[in-house]
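Raw start_5.cif, mmCIF, C-alpha atoms and all ligand atoms:
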```cif
data_work
loop_
_atom_site.label_atom_id
_atom_site.label_comp_id
_atom_site.auth_asym_id
_atom_site.auth_seq_id
_atom_site.Cartn_x
_atom_site.Cartn_y
_atom_site.Cartn_z
CA LEU A 1 21.76 279.01 285.88
CA LEU A 2 24.97 277.58 284.40
CA PHE A 3 28.51 278.88 284.81
CA GLY A 4 31.99 277.70 283.87
CA PRO A 5 33.27 275.11 283.22
CA VAL A 6 35.92 275.72 285.86
CA TRP A 7 38.66 273.45 287.13
CA SER A 8 37.57 271.92 290.43
CA ARG A 9 40.20 270.88 292.97
CA ARG A 10 38.18 267.72 293.55
CA PHE A 11 36.18 266.77 290.47
CA GLY A 12 38.02 267.94 287.34
CA TRP A 13 36.36 270.19 284.73
CA SER A 14 33.10 271.17 286.28
CA LEU A 15 30.07 272.92 284.82
CA GLY A 16 28.52 274.84 287.72
CA VAL A 17 24.84 275.37 288.48
CA ASN A 18 23.72 278.36 290.54
CA GLN A 19 19.96 278.72 290.78
CA PHE A 20 19.99 281.07 293.82
CA PRO A 21 19.24 284.78 293.32
CA GLU A 22 21.04 285.70 296.57
CA LYS A 23 23.01 283.92 299.30
CA LEU A 24 20.69 281.64 301.29
CA CYS A 25 22.18 279.16 303.71
CA THR A 26 21.44 277.24 306.88
CA TYR A 27 24.94 278.13 308.09
CA SER A 28 26.98 281.31 308.24
CA CYS A 29 30.51 279.88 308.24
CA PRO A 30 33.08 282.59 309.03
CA TYR A 31 35.25 281.25 306.18
CA CYS A 32 32.45 281.40 303.58
CA GLN A 33 33.75 282.76 300.29
CA LEU A 34 30.26 284.00 299.34
CA GLY A 35 30.28 286.78 301.92
CA SER A 36 27.31 287.43 304.20
CA GLY A 37 23.72 286.45 303.36
CA LYS A 38 20.45 285.17 304.76
CA VAL A 39 20.61 282.34 307.32
CA THR A 40 17.40 280.38 306.87
CA LEU A 41 15.74 276.97 307.08
CA GLN A 42 12.94 278.00 304.73
CA THR A 43 12.95 275.78 301.62
CA LEU A 44 12.14 277.30 298.23
CA ARG A 45 11.32 276.17 294.70
CA LEU A 46 14.21 277.57 292.72
CA CYS A 47 15.59 275.43 289.90
CA ASP A 48 13.41 275.99 286.85
CA ALA A 49 13.61 272.63 285.05
CA ARG A 50 12.50 274.07 281.70
CA GLU A 51 15.07 276.89 281.79
CA PHE A 52 17.77 274.51 282.98
CA HIS A 53 17.02 272.12 280.11
CA LYS A 54 17.17 274.99 277.59
CA GLU A 55 20.51 276.29 278.87
CA LEU A 56 22.00 272.81 278.87
CA MET A 57 20.87 272.16 275.28
CA GLU A 58 22.37 275.46 274.08
CA LEU A 59 25.70 275.01 275.84
CA LYS A 60 28.75 274.24 273.73
CA ALA A 61 31.49 273.30 276.14
CA ASP A 62 33.50 270.32 277.27
CA TYR A 63 33.39 269.27 280.90
CA ASP A 64 33.54 266.20 283.17
CA VAL A 65 30.81 266.79 285.76
CA ILE A 66 27.85 269.06 286.49
CA THR A 67 28.21 270.46 289.98
CA PHE A 68 25.31 272.00 291.89
CA VAL A 69 27.14 274.66 293.83
CA PRO A 70 24.74 277.57 294.21
CA LYS A 71 25.07 280.70 296.28
CA GLY A 72 24.23 278.93 299.54
CA GLU A 73 22.98 275.51 300.69
CA PRO A 74 21.68 273.67 297.58
CA LEU A 75 19.19 271.45 299.45
CA LEU A 76 17.15 274.52 300.43
CA ASP A 77 15.88 274.20 296.85
CA THR A 78 13.15 271.54 296.72
CA GLU A 79 13.26 271.49 292.88
CA ILE A 80 16.93 270.58 292.71
CA TRP A 81 16.34 266.88 292.08
CA LYS A 82 14.42 267.64 288.88
CA CYS A 83 17.38 269.59 287.50
CA ALA A 84 19.75 266.82 288.63
CA ASP A 85 17.67 264.28 286.70
CA ILE A 86 17.72 266.51 283.58
CA ALA A 87 21.50 266.93 283.87
CA LYS A 88 21.91 263.17 283.85
CA ILE A 89 19.45 262.43 281.06
CA VAL A 90 20.18 265.36 278.73
CA ALA A 91 23.92 265.82 279.21
CA GLY A 92 24.71 262.27 280.29
CA LYS A 93 27.22 263.63 282.80
CA THR A 94 28.05 262.76 286.39
CA THR A 95 26.13 265.02 288.76
CA VAL A 96 27.76 266.37 291.91
CA LEU A 97 26.10 267.90 294.96
CA LEU A 98 28.12 269.91 297.47
CA THR A 99 26.00 270.22 300.60
CA ASN A 100 26.58 271.13 304.22
CA GLY A 101 24.27 268.21 305.09
CA SER A 102 22.35 270.18 307.70
CA LEU A 103 18.90 269.39 306.26
CA LEU A 104 19.36 265.66 305.72
CA PHE A 105 17.30 264.82 308.82
CA ASP A 106 14.27 265.46 306.55
CA THR A 107 13.14 262.40 304.56
CA GLU A 108 12.16 264.36 301.46
CA ILE A 109 15.45 266.23 301.41
CA ARG A 110 17.35 262.95 301.73
CA PHE A 111 15.45 261.76 298.66
CA ASN A 112 16.41 264.93 296.75
CA ALA A 113 20.08 264.42 297.61
CA SER A 114 19.96 260.75 296.63
CA ARG A 115 19.32 261.69 292.96
CA PHE A 116 22.96 262.77 292.53
CA ASP A 117 25.88 260.55 291.50
CA ILE A 118 28.38 262.11 293.89
CA VAL A 119 27.46 263.83 297.16
CA SER A 120 29.96 265.76 299.23
CA LEU A 121 29.07 266.36 302.88
CA LYS A 122 30.65 269.06 304.99
CA VAL A 123 32.23 267.75 308.20
CA ASP A 124 34.08 270.63 309.83
CA ALA A 125 33.44 269.58 313.42
CA GLY A 126 33.05 266.52 315.61
CA SER A 127 31.57 268.35 318.60
CA GLU A 128 28.75 270.82 319.12
CA SER A 129 30.97 273.62 320.44
CA VAL A 130 33.35 273.54 317.45
CA TRP A 131 30.38 273.19 315.04
CA LYS A 132 28.84 276.37 316.42
CA ARG A 133 32.08 278.29 315.89
CA VAL A 134 33.12 276.92 312.53
CA ASN A 135 29.70 276.75 310.86
CA ALA A 136 27.60 279.29 312.83
CA PRO A 137 24.37 277.31 312.20
CA HIS A 138 20.79 278.58 312.16
CA ARG A 139 19.59 278.75 315.78
CA ASP A 140 16.91 276.06 315.28
CA LEU A 141 19.41 273.42 314.13
CA THR A 142 20.97 271.07 316.65
CA PHE A 143 24.26 269.24 316.19
CA GLU A 144 22.63 265.93 317.12
CA LYS A 145 19.91 266.30 314.50
CA VAL A 146 22.36 267.32 311.75
CA ILE A 147 24.72 264.41 312.47
CA GLU A 148 21.85 261.94 312.66
CA GLY A 149 20.59 263.15 309.26
CA MET A 150 24.02 262.79 307.67
CA LYS A 151 24.45 259.28 309.06
CA LEU A 152 21.00 258.21 307.86
CA PHE A 153 21.80 259.53 304.39
CA ALA A 154 25.26 257.98 304.33
CA HIS A 155 23.94 254.54 305.20
CA THR A 156 21.34 254.48 302.41
CA PHE A 157 22.98 256.50 299.61
CA GLU A 158 23.98 254.32 296.65
CA GLY A 159 26.23 256.83 294.84
CA LYS A 160 29.72 257.97 295.71
CA LEU A 161 29.90 259.72 299.06
CA VAL A 162 32.77 262.04 299.97
CA THR A 163 33.32 264.47 302.82
CA GLU A 164 35.08 267.79 302.92
CA THR A 165 36.57 269.48 305.92
CA MET A 166 37.67 273.10 305.97
CA LEU A 167 40.44 273.79 308.46
CA ILE A 168 40.42 277.09 310.32
CA LYS A 169 43.26 278.17 312.56
CA GLY A 170 42.36 278.22 316.24
CA ILE A 171 38.86 276.79 315.67
CA ASN A 172 39.09 273.20 314.40
CA ASP A 173 42.79 272.53 313.67
CA ASP A 174 44.01 271.45 317.12
CA GLU A 175 44.72 267.78 317.72
CA GLU A 176 41.62 267.10 319.82
CA SER A 177 39.21 268.73 317.35
CA LEU A 178 40.88 266.89 314.48
CA LYS A 179 40.47 263.54 316.24
CA GLU A 180 36.77 264.29 316.84
CA ILE A 181 36.36 265.17 313.16
CA ALA A 182 38.11 261.96 312.12
CA TYR A 183 35.83 259.80 314.29
CA MET A 184 32.79 261.60 312.91
CA ILE A 185 33.96 260.95 309.33
CA LYS A 186 34.59 257.31 310.26
CA GLU A 187 30.90 256.90 311.11
CA ILE A 188 29.87 258.42 307.78
CA ARG A 189 32.20 256.08 305.86
CA PRO A 190 32.95 258.20 302.76
CA SER A 191 35.11 256.89 299.93
CA VAL A 192 37.26 260.04 300.11
CA ALA A 193 37.72 262.56 302.94
CA PHE A 194 39.00 265.82 301.47
CA ILE A 195 40.65 268.27 303.83
CA MET A 196 41.43 271.81 302.78
CA VAL A 197 42.10 275.37 303.86
CA PRO A 198 40.51 278.58 302.54
CA THR A 199 42.14 279.81 299.35
CA ARG A 200 39.66 282.60 298.55
CA PRO A 201 38.53 285.61 300.58
CA PRO A 202 36.49 284.52 303.63
CA MET A 203 33.48 286.36 305.09
CA LEU A 204 35.36 287.07 308.35
CA PRO A 205 39.13 287.44 308.87
CA VAL A 206 39.91 283.77 309.61
CA MET A 207 43.28 282.13 308.99
CA PRO A 208 43.96 278.82 307.20
CA GLY A 209 44.32 275.89 309.62
CA ASP A 210 47.18 273.40 309.96
CA LEU A 211 46.81 271.13 306.91
CA LYS A 212 49.95 269.14 307.74
CA LEU A 213 48.84 268.23 311.26
CA ALA A 214 45.31 267.49 310.03
CA THR A 215 46.63 265.15 307.33
CA LYS A 216 48.61 263.22 309.95
CA VAL A 217 45.86 263.01 312.58
CA LEU A 218 43.12 262.10 310.11
CA THR A 219 45.26 259.60 308.19
CA ASP A 220 46.21 257.84 311.45
CA ILE A 221 42.51 257.24 312.13
CA LEU A 222 41.01 256.98 308.63
CA GLY A 223 43.86 255.66 306.50
CA GLU A 224 44.37 256.42 302.85
CA ILE A 225 40.92 257.87 302.13
CA VAL A 226 42.24 261.21 303.43
CA VAL A 227 43.16 263.60 300.61
CA PRO A 228 44.62 267.01 301.51
CA ILE A 229 44.07 269.76 298.95
CA SER A 230 46.39 272.74 298.94
CA ASP A 231 46.24 273.62 295.24
CA ARG A 232 46.02 277.36 294.69
CA SER A 233 46.16 277.50 290.92
CA PHE A 234 43.77 280.01 289.40
CA ASN A 235 44.80 279.67 285.78
CA SER A 236 41.83 277.72 284.49
CA TYR A 237 39.12 280.35 284.12
CA PRO A 238 37.30 281.23 280.89
CA LYS A 239 38.48 284.37 279.10
CA ASN A 240 35.19 286.19 278.55
CA GLU A 241 34.07 288.70 281.18
CA ARG A 242 30.41 287.63 281.23
CA SER A 243 31.35 284.07 282.20
CA LEU A 244 33.82 285.37 284.76
CA LYS A 245 31.09 287.46 286.36
CA GLU A 246 28.78 284.41 286.65
CA ILE A 247 31.61 282.50 288.32
CA ALA A 248 32.34 285.41 290.66
CA LYS A 249 28.79 285.14 292.06
CA VAL A 250 29.68 281.85 293.74
CA HIS A 251 33.44 281.80 293.59
CA PRO A 252 35.60 284.94 294.01
CA VAL A 253 37.76 285.36 290.91
CA PRO A 254 41.26 286.92 290.84
CA LYS A 255 40.89 290.58 289.84
CA LYS A 256 43.73 290.38 287.34
CA LEU A 257 41.50 288.24 285.07
CA PHE A 258 39.02 291.11 284.59
CA GLU A 259 39.68 294.03 282.27
CA ASP A 260 36.97 296.05 284.06
CA VAL A 261 35.38 295.06 287.36
CA PRO A 262 31.56 295.01 286.85
CA LYS A 263 29.81 297.83 288.75
CA GLU A 264 27.69 295.49 290.88
CA CYS A 265 30.74 293.50 292.06
CA SER A 266 33.23 294.33 294.78
CA VAL A 267 36.96 293.82 295.20
CA VAL A 268 38.15 291.92 298.28
CA VAL A 269 41.73 291.23 299.33
CA PHE A 270 42.89 287.88 300.68
CA GLU A 271 46.53 287.06 301.52
CA GLY A 272 47.78 289.98 299.43
CA GLN A 273 45.76 289.05 296.33
CA GLU A 274 42.77 290.98 294.99
CA PHE A 275 39.58 289.06 294.14
CA VAL A 276 36.27 290.06 292.57
CA ARG A 277 33.05 288.94 294.30
CA CYS A 278 29.70 289.58 292.52
S1 LIG B 301 30.58 277.84 303.37
FE1 LIG B 301 28.83 276.77 302.53
S2 LIG B 301 27.71 276.09 304.34
FE2 LIG B 301 29.09 277.69 305.01
S3 LIG B 301 27.88 279.59 304.91
FE3 LIG B 301 28.98 279.39 302.96
S4 LIG B 301 27.53 278.36 301.63
FE4 LIG B 301 26.82 278.04 303.70
#
```
What does the file become when written as structure tokens?
Amino acid sequence: LLFGPVWSRRFGWSLGVNQFPEKLCTYSCPYCQLGSGKVTLQTLRLCDAREFHKELMELKADYDVITFVPKGEPLLDTEIWKCADIAKIVAGKTTVLLTNGSLLFDTEIRFNASRFDIVSLKVDAGSESVWKRVNAPHRDLTFEKVIEGMKLFAHTFEGKLVTETMLIKGINDDEESLKEIAYMIKEIRPSVAFIMVPTRPPMLPVMPGDLKLATKVLTDILGEIVVPISDRSFNSYPKNERSLKEIAKVHPVPKKLFEDVPKECSVVVFEGQEFVRC
């Protein structure tokens, strides 16, 4: 269940939690670093609280936060809140949830998300047409419903709320799309609005969007809460190959860090650099 700790561009040293056996998501974003997988709205009981507790007790590592960043959309797991509670009580650490927010229209799922200290919502689009291209949602989701759910959550959540926006060239990085994104974020009122471009191999051959223009357009509308992230440093991974393989299940790892690429993993190339995806 646990992997890392790895250096997170947003949260510092982060112990990762991946309770998903395969990629399961409500979206199929072309830029997804996890590769292809099942697009579903079917919730499952995945996080085994007993196992999670055991792994946490046995772990000997230093880290700042525990981040639930499984292979897919974390809120598809209806048991996630139990593991979040254990993380807080047993480890006494800040818990972070990275979600695409698409299921927050459901009351129970909003409750599950509210158990975390920090929640990051994905806001890649401010209009239905861009949303369909940049996030390729499950066919039964509607933009209206997803946005309504995110706003409802944002207005009741008592922890720290942030947003993250992935910029893709030719899809959501033109001035009009950026303005729509900014106004959408304004309604959600996060304390920080991260904007970033892909730095690891995407599922489809998309290109990084215009971070400079996005920083200007979003800052003009949202002010200093906008934080662009362009960091590409990959020098903070653990040395042992078993840990690297666990990370590579959710987070392609530079191939040069492996002595031998595990048989069940594949090598993918992005911007001239080889990565291992497991
Ligand atoms: S980027 Fe996130 S939301 Fe998009 S398909 Fe991948 S896991 Fe799902």
Atomic separation - atom CA of A:Ile181 relative to atom CA of A:Val96, Å: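 For atom CA of A:Val96 relative to atom CA of A:Ile181, the distance reads 23.0 Å.
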Within 9 Å of A:Phe111 using all atoms listed in the file, minus same-chain residues under 5 positions, as a list in words: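 Those residues are Trp81, Leu104, Asp106 and Phe153 of chain A.
A straight line drawn from atom CA of A:Leu141 to atom CA of A:Ile188 is 19.4 Å long.
Here the question is which of A:Leu213, A:Leu178, A:Leu41, A:Val226 gets nearest to A:Arg139 using all atoms listed in the file, and that residue is A:Leu41.
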Quick one: contact table of chain A to ligand LIG 301 (chain B), 8 Å max, nearest atom pair and distance in Å to one decimal per residue, counting all atoms listed in the file, chain and number order, as CSV?
```
residue,atom,partner,partner_atom,distance
A:Lys23,CA,B:LIG301,S4,7.5
A:Leu24,CA,B:LIG301,FE4,7.5
A:Cys25,CA,B:LIG301,FE4,4.8
A:Thr26,CA,B:LIG301,FE4,6.3
A:Tyr27,CA,B:LIG301,S3,4.6
A:Ser28,CA,B:LIG301,S3,3.9
A:Cys29,CA,B:LIG301,FE2,4.2
A:Pro30,CA,B:LIG301,S3,7.3
A:Tyr31,CA,B:LIG301,S1,6.4
A:Cys32,CA,B:LIG301,S1,4.0
A:Gln33,CA,B:LIG301,FE3,6.4
A:Leu34,CA,B:LIG301,FE3,6.0
A:Gly35,CA,B:LIG301,FE3,7.6
A:Ser36,CA,B:LIG301,S3,7.9
A:Pro70,CA,B:LIG301,S4,8.0
A:Lys71,CA,B:LIG301,S4,6.3
A:Gly72,CA,B:LIG301,S4,3.9
A:Glu73,CA,B:LIG301,S4,5.5
A:Thr99,CA,B:LIG301,S2,7.2
A:Asn100,CA,B:LIG301,S2,5.1
A:Lys122,CA,B:LIG301,S2,7.6
A:Asn135,CA,B:LIG301,FE2,6.0
A:Ala136,CA,B:LIG301,S3,7.9
```
File of the preceding selection, C-alpha atoms, as a short mmCIF file (atom, residue, chain, number, x, y, z; two decimals), keeping the file's coordinate frame:
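The file below, part-v1.cif, is the result:
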```cif
data_model
loop_
_atom_site.label_atom_id
_atom_site.label_comp_id
_atom_site.auth_asym_id
_atom_site.auth_seq_id
_atom_site.Cartn_x
_atom_site.Cartn_y
_atom_site.Cartn_z
CA LYS A 23 23.01 283.92 299.30
CA LEU A 24 20.69 281.64 301.29
CA CYS A 25 22.18 279.16 303.71
CA THR A 26 21.44 277.24 306.88
CA TYR A 27 24.94 278.13 308.09
CA SER A 28 26.98 281.31 308.24
CA CYS A 29 30.51 279.88 308.24
CA PRO A 30 33.08 282.59 309.03
CA TYR A 31 35.25 281.25 306.18
CA CYS A 32 32.45 281.40 303.58
CA GLN A 33 33.75 282.76 300.29
CA LEU A 34 30.26 284.00 299.34
CA GLY A 35 30.28 286.78 301.92
CA SER A 36 27.31 287.43 304.20
CA PRO A 70 24.74 277.57 294.21
CA LYS A 71 25.07 280.70 296.28
CA GLY A 72 24.23 278.93 299.54
CA GLU A 73 22.98 275.51 300.69
CA THR A 99 26.00 270.22 300.60
CA ASN A 100 26.58 271.13 304.22
CA LYS A 122 30.65 269.06 304.99
CA ASN A 135 29.70 276.75 310.86
CA ALA A 136 27.60 279.29 312.83
#
```
Would you pick out the contacts of A:Glu175 at 9 Å or less, using all atoms listed in the file, so that residues sharing its chain but fewer than 5 positions from it are not included, and give the list as a VMD selection string? chain A and resid 180 213 to 214 217
I'd like the interatomic distance between atom CA of A:Arg189 and atom CA of A:Lys93, to a tenth of an Å. 24.8 Å
Quick one: residues within 12 Å of A:Asp260, only C-alpha atoms, excluding same-chain residues fewer than 4 positions away - as a PyMOL selection string? chain A and resi 240-242+244-245+255-256+264-267+276
What's around stretch 7-19 of chain A at 10 Å? Count only C-alpha atoms, leave out sequence neighbours fewer than 3 positions away in its own chain, and write the answer as a PDB file with C-alpha atoms, in the coordinates of the input.
```pdb
ATOM      1  CA  LEU A   1      21.760 279.010 285.880  1.00  0.00           C
ATOM      2  CA  LEU A   2      24.970 277.580 284.400  1.00  0.00           C
ATOM      3  CA  PHE A   3      28.510 278.880 284.810  1.00  0.00           C
ATOM      4  CA  GLY A   4      31.990 277.700 283.870  1.00  0.00           C
ATOM      5  CA  GLU A  22      21.040 285.700 296.570  1.00  0.00           C
ATOM      6  CA  ARG A  45      11.320 276.170 294.700  1.00  0.00           C
ATOM      7  CA  LEU A  46      14.210 277.570 292.720  1.00  0.00           C
ATOM      8  CA  CYS A  47      15.590 275.430 289.900  1.00  0.00           C
ATOM      9  CA  ASP A  48      13.410 275.990 286.850  1.00  0.00           C
ATOM     10  CA  PHE A  52      17.770 274.510 282.980  1.00  0.00           C
ATOM     11  CA  ALA A  61      31.490 273.300 276.140  1.00  0.00           C
ATOM     12  CA  ASP A  62      33.500 270.320 277.270  1.00  0.00           C
ATOM     13  CA  TYR A  63      33.390 269.270 280.900  1.00  0.00           C
ATOM     14  CA  ASP A  64      33.540 266.200 283.170  1.00  0.00           C
ATOM     15  CA  VAL A  65      30.810 266.790 285.760  1.00  0.00           C
ATOM     16  CA  ILE A  66      27.850 269.060 286.490  1.00  0.00           C
ATOM     17  CA  THR A  67      28.210 270.460 289.980  1.00  0.00           C
ATOM     18  CA  PHE A  68      25.310 272.000 291.890  1.00  0.00           C
ATOM     19  CA  VAL A  69      27.140 274.660 293.830  1.00  0.00           C
ATOM     20  CA  PRO A  70      24.740 277.570 294.210  1.00  0.00           C
ATOM     21  CA  LYS A  71      25.070 280.700 296.280  1.00  0.00           C
ATOM     22  CA  GLY A  72      24.230 278.930 299.540  1.00  0.00           C
ATOM     23  CA  PRO A  74      21.680 273.670 297.580  1.00  0.00           C
ATOM     24  CA  ASP A  77      15.880 274.200 296.850  1.00  0.00           C
ATOM     25  CA  ILE A  80      16.930 270.580 292.710  1.00  0.00           C
ATOM     26  CA  CYS A  83      17.380 269.590 287.500  1.00  0.00           C
ATOM     27  CA  ALA A  84      19.750 266.820 288.630  1.00  0.00           C
ATOM     28  CA  LYS A  93      27.220 263.630 282.800  1.00  0.00           C
ATOM     29  CA  THR A  94      28.050 262.760 286.390  1.00  0.00           C
ATOM     30  CA  THR A  95      26.130 265.020 288.760  1.00  0.00           C
ATOM     31  CA  VAL A  96      27.760 266.370 291.910  1.00  0.00           C
ATOM     32  CA  LEU A  97      26.100 267.900 294.960  1.00  0.00           C
ATOM     33  CA  ILE A 118      28.380 262.110 293.890  1.00  0.00           C
ATOM     34  CA  GLU A 164      35.080 267.790 302.920  1.00  0.00           C
ATOM     35  CA  PHE A 194      39.000 265.820 301.470  1.00  0.00           C
ATOM     36  CA  MET A 196      41.430 271.810 302.780  1.00  0.00           C
ATOM     37  CA  VAL A 227      43.160 263.600 300.610  1.00  0.00           C
ATOM     38  CA  ILE A 229      44.070 269.760 298.950  1.00  0.00           C
ATOM     39  CA  SER A 230      46.390 272.740 298.940  1.00  0.00           C
ATOM     40  CA  ASP A 231      46.240 273.620 295.240  1.00  0.00           C
ATOM     41  CA  ARG A 232      46.020 277.360 294.690  1.00  0.00           C
ATOM     42  CA  SER A 233      46.160 277.500 290.920  1.00  0.00           C
ATOM     43  CA  PHE A 234      43.770 280.010 289.400  1.00  0.00           C
ATOM     44  CA  ASN A 235      44.800 279.670 285.780  1.00  0.00           C
ATOM     45  CA  SER A 236      41.830 277.720 284.490  1.00  0.00           C
ATOM     46  CA  TYR A 237      39.120 280.350 284.120  1.00  0.00           C
ATOM     47  CA  GLU A 246      28.780 284.410 286.650  1.00  0.00           C
ATOM     48  CA  ILE A 247      31.610 282.500 288.320  1.00  0.00           C
ATOM     49  CA  LYS A 249      28.790 285.140 292.060  1.00  0.00           C
ATOM     50  CA  VAL A 250      29.680 281.850 293.740  1.00  0.00           C
TER      51      VAL A 250
END
```
Between A:Lys132, A:Lys60, A:Lys88, A:His251, which residue has the minimum interatomic distance to A:Asp117, considering only C-alpha atoms?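 Result for the nearest residue to A:Asp117: A:Lys88.
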Closest to A:Val146 among A:Tyr183, A:Phe116, A:Trp131, A:Phe105, using only C-alpha atoms?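 Smallest distance to A:Val146 is found for A:Phe105.
At a cut-off of 6 Å from (16.5, 267.9, 298.4), the residue set is Leu75, Thr78, Ile109, Asn112 and Ala113 of chain A (counting all atoms listed in the file).
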Go through A:Thr215, A:Thr199, A:Ser114, A:Gln42 and flag the residue nearest A:Lys179, using only C-alpha atoms for the distances.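 Of A:Thr215, A:Thr199, A:Ser114, A:Gln42, the one nearest A:Lys179, counting only C-alpha atoms, is A:Thr215.
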Which polymer residues, whether protein, DNA or RNA, lie within 9 Å of the coordinate (39.3, 283.2, 301.3) when you count all atoms listed in the file? List them as a VMD selection string, using the chain letters and numbers from the file. chain A and resid 31 to 33 197 to 208 252 269 to 271
Please identify all polymer residues within 9 Å of A:Glu128, counting all atoms listed in the file, omitting same-chain residues fewer than 4 positions from it, and present them as a list in words.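 These residues fall inside the cut-off: Lys132, Arg133, Thr142, Phe143 and Glu144 of chain A.
Among the candidates A:Leu59, A:Val268, A:Val162, A:Leu152, the one nearest to A:Leu98 when counting only C-alpha atoms is A:Val162.
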From the list A:Met184, A:Val90, A:Val192, A:Met166, which residue is nearest A:Gly126 when using all atoms listed in the file?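 Answer, going by the shortest atom-to-atom distance: A:Met184.
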